[in-house]
Amino acid sequence: MNGIPIEHILFVSTALFFIGMYGLFTRRNMITMLMAIELILNSVNINFVVFNKYLYPDKLDGIFFTIFIITIAAAEAAVAIAIIINLYRSHQSIDVEDAAEMKY
Amino acid sequence: MTITQIIFYLLSAIILGAAILSVTTRKIFRSAIWLLLSLVGIAGLYFWLAVEFIAAVQIVVYVGGIVVLIIFSIFLTQQSGLEMKKAPPKRTIASLLAVASGFALTYNLIYHYGFKTGDGKFDMELDRIGTQMLNTGKDGFALPFEVVSILLLAAMIGCIVIATKTKPETT
């Protein structure tokens with residue numbers, strides 16, 4: 001199909017997932033961590049669409065999962081940014097190391 | 001190599017390059033812009049896969065919604081010109097090792113799995129999506145649709161409650 005084997009597309013989505021993981025591990029700023037999570041969610045979306053198209057072309061389930069994941073990601077980003085802004089008001093910082101009151 | 005393949009490898013290079021720059025650059029605003037480029041590249045990949053509806057949703061929700069929200073929050077919370085602190089080298093090396101080994105393991109599994117490509121015609125008509133989305137019978141997605149609508153309502157109210165400025169007590 002299209003002359004590209006499925007493994008090459010899965011290479012892109014796997015690499016994107018682990019790039020997101022790298023960002024999540026190294027960053028300590030909450031907004032950049034949120035961006036890394038968006039990258040991870042997008043790699044999962046690519047996986048769903050590609051599996052749907054290449055392996056089960058007569059069904060639409062992967063498409064529906066992608067739509068629901070995009071919806072939930074939007075809700076998650078909105079709530080996360082509300083929390084970040086509220087945290088910035090009380091701590092003057094959005095570094096995760098500075099928000100350690102509830103850690104112990 | 002046909003033009004389709006060239007377009008695919010070009011899109012992949014854009015997606016991965018922009019994603020790497022997005023997680024490594026030290027200016028937070030540039031990081032957001034690289035994320036934007038990566039998301040647009042993913043929308044292009046969906047167009048390449050001929051799932052136009054998902055590509056349109058990707059552009060509307062991610063590029064038009066989430067990235068704009070992120071940029072707003074960057075402007076609200078910090079000076080975008082400032083450079084972020086560098087991660088300590090120990091953490092960078094440890095994460096690089098973890099990520100590289102995880103990627104090698106996962107891709108090794110994927111590469112040797114041997115996917116059997118299905119042989120049907122992929123048709124993603126919009127009326128088919130709509131009918132199946134609101135179908136209450138077998139293979140219907142009416143219940144998840146309703147649950148997601150409740151979730152969105154809850155998230156909206158939750159955002160307003162969390163982000164509202166509490167008035168100082170005047171007693």
# chains A, B, ... in the order shown; residues from 1 in each chain; ligands from 1

$ interface_residues --of "chain A" --to "chain B" --cutoff "8 Å" --atoms "only C-alpha atoms" --output "number ranges by chain"
A: 2-4, 6-7, 10-12, 14-16, 18-23, 25-27, 31-32, 35-36, 39, 42, 46, 50, 53-58, 60, 63-64, 66-68, 70-72, 74-79, 81-83, 85-86, 88, 93-94

$ residues_around --residues "Met30 (chain A)" --least-positions-apart "4" --cutoff "7 Å" --atoms "only C-alpha atoms" --output "PyMOL selection string"
chain A and resi 34+94-96

$ write_last_selection --atoms "C-alpha atoms" --output "compact mmCIF listing (two decimals), in the first residue's frame"
# COMPACT_ATOMS: atom_id res chain seq x y z
CA LEU A 34 2.93 19.02 28.84
CA ILE A 94 6.15 26.47 37.23
CA ASP A 95 9.11 24.26 37.99
CA VAL A 96 8.07 20.87 39.33

$ atom_distance --atom1 "CA of Thr166 (chain B)" --atom2 "CA of Arg28 (chain A)"
27.4 Å

$ select_by_dssp --residues "chain A" --states "alpha helix (DSSP H)" --output "PyMOL selection string"
chain A and resi 6-26+30-54+61-91
